[in-house]
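Notes for the one structure printed next.
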Amino acid sequence: MIDATDKPAKRRVSPLQQAIGLTLSLALIWAIFGRDHAERTVPPASAPTVAAVVPAPRVASLSPAITDSLAELGLAAHVVGRSGFCRSVPANVPVVGDLRSFDAERLALAKPDVLFVQPPIAGVDPALRELCAQKSIELVERRLDTLDDMRGLVADITHVFGAEAGERLAPIEAFLAENSPDIKASASPSASPSPSTGAQRVVIVVSADPILAVGRGNYLDELLSRAGATNAVDAKGWVELSVESLVALKPARVIGISETRARALEVANFLEVLPWNGAPPIVVADALPELLTPSLRAIARRGELARLLSASASDAGTSSSSEAAR
């Protein structure tokens with residue numbers, strides 16, 4: 001029989017030893033189970049970002065009208081640089097300049113093969129010309145005011161893109177060729193698309209405050225003539241008119257063209273309440289931003305202008321305040 005006094009005394013564990021033991025136990029548990037779980041739950045490394053492949057030729061455009069033309073022809077994927085006013089290509093295409101200035105660093109980073117420019121009256125900035133020479137960028141300069149200028153743009157685009165622009169370009173090219181000065185000179189008088197003496201007198205207004213109308217010698221005046229109407233404004237360019245001078249023109253029809261329907265409605269409302277002498281003209285207005293730049297997109301949408309020339313006030317997309325209230 002063993003006496004209780006003969007039992008060995010229990011070993012007492014200090015708090016420090018307990019803490020060390022707990023720590024080692026937790027470490028062992030994590031080593032067995034936690035590492036494997038962590039490896040399973042750690043998200044995989046992000047896949048490398050693949051830059052969008054831009055088809056050749058890479059082009060930049062400092063002209064909204066030229067950018068619109070490229071987009072109309074399905075060539076927007078080629079655009080690697082734009083102006084801040086070019087809205088027909090994705091917003092993530094970097095802004096590299098505009099009509100008056102350019103960003104040399106951004107333009108160099110965009111690495112265009114071709115740069116389209118609509119030069120101001122003073123001509124292309126010599127610094128831009130020098131940069132293009134240094135970076136081997138082909139500089140394409142094109143003034144855009146008339147249909148003949150757009151015919152030159154067709155030649156530029158054909159030179160840069162070749163057959164790629166052909167399918168969509170063909171009907172635009174055919175229209176411009178039919179109405180080009182050299183074609184008209186060789187055509188018979190009966191083939192000329194000039195309006196008759198009794199053609200409808202029309203004023204095209206693009207702003208009501210101030211009243212800004214389309215004058216002679218630009219693409220909209222020429223499209224108006226091709227559609228068989230007569231521009232009631234005799235002055236050249238874009239003409240600012242007073243209320244009195246507009247009323248004195250005695251147009252049979254006033255067409256308002258704006259970027260948005262809200263602005264078109266404002267123009268229509270303004271025109272309808274003017275103190276017209278005698279019978280007021282037919283007033284029609286619509287949001288047709290495509291017609292507001294001298295681009296190949298405007299040529300492709302020329303049918304919209306023809307529609308407004310024959311529409312009654314009730315047929316127009318936006319006409320008078322009374323019509324808008326219906």
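Residue names in the structure tokens use chain letters A, B, ... in the order shown, residue numbers from 1 in each chain, and ligand numbers from 1 in the order shown.
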Can you list, as a ChimeraX atom specification, every residue of region 194-293 of chain A that DSSP puts in strand (DSSP E)? /A:201-208,211-214,230-231,238-241,253-258,282-287
Let's have the selection written as a compact mmCIF listing (two decimals), in the first residue's frame, with N, CA and C atoms.
```txt
# COMPACT_ATOMS: atom_id res chain seq x y z
N ARG A 201 -37.17 80.77 -100.88
CA ARG A 201 -36.17 81.58 -100.19
C ARG A 201 -36.10 81.14 -98.72
N VAL A 202 -34.91 80.78 -98.28
CA VAL A 202 -34.74 80.16 -96.97
C VAL A 202 -33.64 80.86 -96.19
N VAL A 203 -33.83 80.98 -94.90
CA VAL A 203 -32.77 81.40 -93.98
C VAL A 203 -32.52 80.26 -93.02
N ILE A 204 -31.25 79.88 -92.88
CA ILE A 204 -30.86 78.86 -91.89
C ILE A 204 -30.25 79.58 -90.70
N VAL A 205 -30.82 79.37 -89.54
CA VAL A 205 -30.38 80.02 -88.31
C VAL A 205 -29.80 78.96 -87.37
N VAL A 206 -28.61 79.22 -86.83
CA VAL A 206 -27.99 78.27 -85.91
C VAL A 206 -27.93 78.79 -84.48
N SER A 207 -28.34 80.03 -84.28
CA SER A 207 -28.36 80.61 -82.94
C SER A 207 -29.38 81.74 -82.93
N ALA A 208 -30.07 81.90 -81.77
CA ALA A 208 -31.06 82.98 -81.64
C ALA A 208 -30.51 84.17 -80.86
N ILE A 211 -28.63 86.34 -83.32
CA ILE A 211 -29.15 85.63 -84.49
C ILE A 211 -27.98 85.39 -85.44
N LEU A 212 -27.59 84.14 -85.57
CA LEU A 212 -26.47 83.78 -86.44
C LEU A 212 -27.01 82.93 -87.58
N ALA A 213 -26.85 83.43 -88.79
CA ALA A 213 -27.42 82.76 -89.96
C ALA A 213 -26.32 82.28 -90.89
N VAL A 214 -26.68 81.33 -91.73
CA VAL A 214 -25.76 80.80 -92.74
C VAL A 214 -25.76 81.72 -93.94
N THR A 230 -33.08 78.63 -102.30
CA THR A 230 -32.22 79.80 -102.42
C THR A 230 -31.96 80.38 -101.04
N ASN A 231 -30.69 80.65 -100.77
CA ASN A 231 -30.33 81.29 -99.50
C ASN A 231 -30.75 82.76 -99.57
N TRP A 238 -20.63 83.26 -92.07
CA TRP A 238 -21.65 83.15 -91.03
C TRP A 238 -22.03 84.57 -90.63
N VAL A 239 -23.30 84.90 -90.75
CA VAL A 239 -23.74 86.30 -90.69
C VAL A 239 -24.59 86.53 -89.44
N GLU A 240 -24.22 87.55 -88.67
CA GLU A 240 -25.02 87.94 -87.51
C GLU A 240 -26.07 88.95 -87.97
N LEU A 241 -27.34 88.66 -87.69
CA LEU A 241 -28.44 89.49 -88.15
C LEU A 241 -29.17 90.13 -86.98
N ARG A 253 -39.27 80.47 -95.62
CA ARG A 253 -39.06 79.44 -94.58
C ARG A 253 -37.81 79.80 -93.79
N VAL A 254 -37.88 79.59 -92.47
CA VAL A 254 -36.70 79.75 -91.62
C VAL A 254 -36.45 78.42 -90.94
N ILE A 255 -35.22 77.92 -91.11
CA ILE A 255 -34.84 76.62 -90.55
C ILE A 255 -33.87 76.85 -89.40
N GLY A 256 -34.18 76.30 -88.26
CA GLY A 256 -33.27 76.36 -87.12
C GLY A 256 -32.55 75.04 -86.96
N ILE A 257 -31.24 75.08 -86.86
CA ILE A 257 -30.43 73.87 -86.64
C ILE A 257 -29.63 74.07 -85.37
N SER A 258 -29.75 73.14 -84.42
CA SER A 258 -29.06 73.27 -83.14
C SER A 258 -28.45 71.93 -82.74
N ILE A 282 -42.75 79.84 -92.74
CA ILE A 282 -42.80 78.55 -92.06
C ILE A 282 -41.55 78.43 -91.21
N VAL A 283 -41.72 78.11 -89.95
CA VAL A 283 -40.58 77.98 -89.03
C VAL A 283 -40.47 76.53 -88.60
N VAL A 284 -39.34 75.91 -88.90
CA VAL A 284 -39.06 74.54 -88.47
C VAL A 284 -37.67 74.50 -87.87
N ALA A 285 -37.49 73.67 -86.88
CA ALA A 285 -36.18 73.54 -86.24
C ALA A 285 -36.00 72.13 -85.73
N ASP A 286 -34.75 71.70 -85.65
CA ASP A 286 -34.47 70.36 -85.15
C ASP A 286 -33.04 70.29 -84.64
N ALA A 287 -32.79 69.28 -83.82
CA ALA A 287 -31.45 69.02 -83.32
C ALA A 287 -30.70 68.18 -84.35
```
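Taking CA of Ser61 (chain A) and CA of Ala108 (chain A) as the two end points, the separation is 13.4 Å.
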Please list as a list in words every residue within 12 Å of Ala133 (chain A), counting only C-alpha atoms and excluding residues in the same chain fewer than 5 positions away.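 Counting only C-alpha atoms, the residues come to Ala108, Asp113, Val114, Leu115, Pro126, Ala127, Leu128, Glu138 and Leu139 of chain A.
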I need the residues in region 50-282 of chain A that are helix (DSSP H, G or I) according to DSSP; give them as a PyMOL selection string. chain A and resi 64-72+76-78+104-110+126-134+147-178+181-186+189-191+219-226+243-248+261-272
Can you pull out the residues contacting Asn218 (chain A)? Cut-off 8 Å, using only C-alpha atoms, and skip same-chain residues under 3 positions away; I want them as a PyMOL selection string. chain A and resi 145-147+215+221-222+236-237
Identify, on the basis of only C-alpha atoms, every residue whose closest approach to Phe161 (chain A) does not exceed 9 Å; exclude the query and any residue fewer than 4 positions from it along the same chain; express the result as a PyMOL selection string. chain A and resi 56-57+75+156-157+165-166
Could you work out how far CA of Ser136 (chain A) lies from CA of Met150 (chain A), giving the answer in Å with one decimal? 25.8 Å
Tell me which protein, DNA and RNA residues are within 7 Å of region 85-89 of chain A, counting only C-alpha atoms, leaving out same-chain ones fewer than 4 positions away, and put them as a PDB file with C-alpha atoms, in the first residue's frame.
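The resulting file, result-v5.pdb, is shown below:
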```
ATOM      1  CA  PRO A  64     -13.558  68.032 -84.796  1.00  0.00           C
ATOM      2  CA  THR A  67     -12.550  63.473 -86.545  1.00  0.00           C
ATOM      3  CA  ASP A  68     -16.286  63.347 -87.328  1.00  0.00           C
ATOM      4  CA  ALA A  71     -15.853  58.286 -87.407  1.00  0.00           C
ATOM      5  CA  ALA A  76     -12.428  55.843 -85.294  1.00  0.00           C
TER       6      ALA A  76
END
```
Which residue gives the smallest distance to Ala170 (chain A) among A:Asp149, A:Leu224, A:Leu296, A:Asp103, with only C-alpha atoms counted?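 Using only C-alpha atoms, the shortest distance to Ala170 (chain A) belongs to A:Leu296.
Relative to CA of Glu244 (chain A), CA of Arg261 (chain A) is found at 26.1 Å.
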Contacts of Asp98 (chain A) at 8 Å (only C-alpha atoms; same-chain gap of 3+ positions) as number ranges by chain: A: 62-63, 82-85, 101-102
Nearest to Ala104 (chain A), chosen from A:His78, A:Arg263, A:Lys135, A:Arg143, with only C-alpha atoms counted in the distances: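 Answer, going by the shortest atom-to-atom distance: A:Lys135.
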Which of A:Ala91, A:Val160, A:Leu176, A:Val59 sits closest to Lys111 (chain A) [using only C-alpha atoms]: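 That would be A:Val59, the residue with the smallest distance to Lys111 (chain A).
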Given the choices A:Asn269, A:Pro94, A:Pro294, A:Ser245, which gets closest to Leu107 (chain A) if the distance is worked out from only C-alpha atoms?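 Nearest to Leu107 (chain A): A:Pro94.
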